[in-house]
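Following: one structure in structure tokens, then a few remarks.
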Amino acid sequence: MTDRAVSVSVNYVLTLGIATLLMTTLLFATGNIVDDRLESSTRSELEVVGERVASSLMAADRLAQTGSSVVEVETRAPDRVAGLQYTVTLNATSQQVVLETADPEVVVRVPFDNTTAVAESSASGGRVRIVLADPGGSDEALEVQSS
């Protein structure tokens, strides 16, 4: 008769251990899926914002080519993408708009085509302006600024 009490206790402990193991495995698997989805949605949103900035940059380039001394094109973009802050950087050597977040680290590069020189510059995400710095001068270049 004393063996019966032990089997109930052992059965309970084994059931509890198996349930804990299954729940832990489920949590780890779900956590990885959520991280992958966050990175994927962040990348998609940054690509859209990058296309907007590149389009504004090319519009500013066309304005600068007309000889206008004041060139300023503003792009409206969200302050955050997928709940994350991001930065917009103009890379003059590779002619790319580079958008990046810190955690998770996601970097998106969008190429652009222009005639006017571009200055290496950065701005935080959100409203950004493309302006012509030093118009008519030797350092005339388009740069990105936070609005």
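Identifiers in the structure tokens: chain A, B, ... in order shown; residue index from 1 per chain; ligand index from 1 in order shown.
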Within 9 Å of Glu39 of chain A using only C-alpha atoms, minus same-chain residues under 2 positions, as a PDB file with C-alpha atoms, in the first residue's frame:
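Writing the result to part-v7.pdb gives the following:
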ATOM      1  CA  VAL A  34       9.075  37.257 -33.086  1.00  0.00           C
ATOM      2  CA  ASP A  35      12.674  38.500 -33.484  1.00  0.00           C
ATOM      3  CA  ASP A  36      12.744  37.405 -37.130  1.00  0.00           C
ATOM      4  CA  ARG A  37       9.443  39.152 -37.828  1.00  0.00           C
ATOM      5  CA  SER A  41       9.243  44.405 -40.806  1.00  0.00           C
ATOM      6  CA  THR A  42      11.985  46.884 -39.835  1.00  0.00           C
ATOM      7  CA  ARG A  43      13.849  46.161 -43.073  1.00  0.00           C
ATOM      8  CA  SER A  44      10.668  46.603 -45.148  1.00  0.00           C
ATOM      9  CA  ALA A  82       8.630  49.014 -36.155  1.00  0.00           C
ATOM     10  CA  PRO A 104      18.154  44.860 -33.802  1.00  0.00           C
ATOM     11  CA  GLU A 105      20.895  46.063 -36.100  1.00  0.00           C
ATOM     12  CA  VAL A 106      19.299  46.486 -39.504  1.00  0.00           C
TER      13      VAL A 106
END
If you run DSSP on this backbone, which residues of segment 6-137 of chain A come out as alpha helix (DSSP H), and could you give them as a ChimeraX atom specification?
-> /A:6-65
When DSSP works through the backbone of this structure, what residues of chain A end up as strand (DSSP E or B), shown as a PDB file with C-alpha atoms, in the first residue's frame?
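This is the output file part_26.pdb:
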ATOM      1  CA  GLU A  72      15.159  72.626 -49.747  1.00  0.00           C
ATOM      2  CA  VAL A  73      13.039  69.508 -50.080  1.00  0.00           C
ATOM      3  CA  GLU A  74      11.347  68.023 -47.028  1.00  0.00           C
ATOM      4  CA  THR A  75      10.460  64.365 -46.693  1.00  0.00           C
ATOM      5  CA  ARG A  80      10.178  55.284 -35.723  1.00  0.00           C
ATOM      6  CA  VAL A  81       9.971  52.152 -37.825  1.00  0.00           C
ATOM      7  CA  LEU A  84      12.643  51.596 -33.354  1.00  0.00           C
ATOM      8  CA  GLN A  85      14.571  54.829 -33.867  1.00  0.00           C
ATOM      9  CA  TYR A  86      16.682  55.033 -37.001  1.00  0.00           C
ATOM     10  CA  THR A  87      19.207  57.283 -38.715  1.00  0.00           C
ATOM     11  CA  VAL A  88      19.422  58.439 -42.322  1.00  0.00           C
ATOM     12  CA  THR A  89      22.913  58.919 -43.771  1.00  0.00           C
ATOM     13  CA  LEU A  90      23.974  60.096 -47.215  1.00  0.00           C
ATOM     14  CA  ASN A  91      27.006  58.193 -48.465  1.00  0.00           C
ATOM     15  CA  GLN A  96      23.536  55.530 -51.378  1.00  0.00           C
ATOM     16  CA  VAL A  97      21.038  56.545 -48.739  1.00  0.00           C
ATOM     17  CA  VAL A  98      21.876  54.390 -45.712  1.00  0.00           C
ATOM     18  CA  LEU A  99      19.199  53.799 -43.084  1.00  0.00           C
ATOM     19  CA  GLU A 100      19.981  51.904 -39.910  1.00  0.00           C
ATOM     20  CA  THR A 101      18.596  50.915 -36.540  1.00  0.00           C
ATOM     21  CA  VAL A 106      19.299  46.486 -39.504  1.00  0.00           C
ATOM     22  CA  VAL A 107      21.007  48.384 -42.345  1.00  0.00           C
ATOM     23  CA  VAL A 108      19.266  49.234 -45.618  1.00  0.00           C
ATOM     24  CA  ARG A 109      21.047  50.869 -48.562  1.00  0.00           C
ATOM     25  CA  VAL A 110      19.079  52.624 -51.304  1.00  0.00           C
ATOM     26  CA  PRO A 111      21.009  53.886 -54.358  1.00  0.00           C
ATOM     27  CA  VAL A 118      26.430  65.143 -52.078  1.00  0.00           C
ATOM     28  CA  SER A 121      25.656  63.877 -43.632  1.00  0.00           C
ATOM     29  CA  SER A 122      23.260  62.215 -41.194  1.00  0.00           C
ATOM     30  CA  ALA A 123      19.888  62.918 -39.634  1.00  0.00           C
ATOM     31  CA  SER A 124      17.689  61.142 -37.159  1.00  0.00           C
ATOM     32  CA  VAL A 128      14.230  65.120 -42.919  1.00  0.00           C
ATOM     33  CA  ARG A 129      15.225  67.929 -45.263  1.00  0.00           C
ATOM     34  CA  ILE A 130      17.514  67.791 -48.247  1.00  0.00           C
ATOM     35  CA  VAL A 131      19.198  71.194 -48.571  1.00  0.00           C
ATOM     36  CA  LEU A 132      21.819  72.719 -50.821  1.00  0.00           C
ATOM     37  CA  ALA A 133      24.719  73.821 -48.636  1.00  0.00           C
ATOM     38  CA  ALA A 141      26.603  69.996 -52.006  1.00  0.00           C
ATOM     39  CA  LEU A 142      23.307  68.467 -51.063  1.00  0.00           C
ATOM     40  CA  GLU A 143      23.026  67.278 -47.494  1.00  0.00           C
ATOM     41  CA  VAL A 144      20.408  65.705 -45.247  1.00  0.00           C
ATOM     42  CA  GLN A 145      19.271  67.447 -42.040  1.00  0.00           C
ATOM     43  CA  SER A 146      16.704  66.753 -39.340  1.00  0.00           C
TER      44      SER A 146
END
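Take the candidates A:Ala117, A:Ala77, A:Leu27, A:Val13 and check each one against Gln65 of chain A using only C-alpha atoms; the shortest distance goes to A:Ala117.
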Pick from A:Ser138, A:Ser40, A:Thr24, A:Asn114, whichever lies nearest to Ser56 of chain A using only C-alpha atoms =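 With only C-alpha atoms as the atom set, the closest residue is A:Asn114.
Of the listed residues A:Gly126, A:Pro135, A:Gly31, A:Gly17, the one whose atoms come nearest to Val70 of chain A is A:Pro135, with distances taken using only C-alpha atoms.
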Within 9 Å of Pro78 of chain A using only C-alpha atoms, minus same-chain residues under 4 positions, as a count of residues only = 4
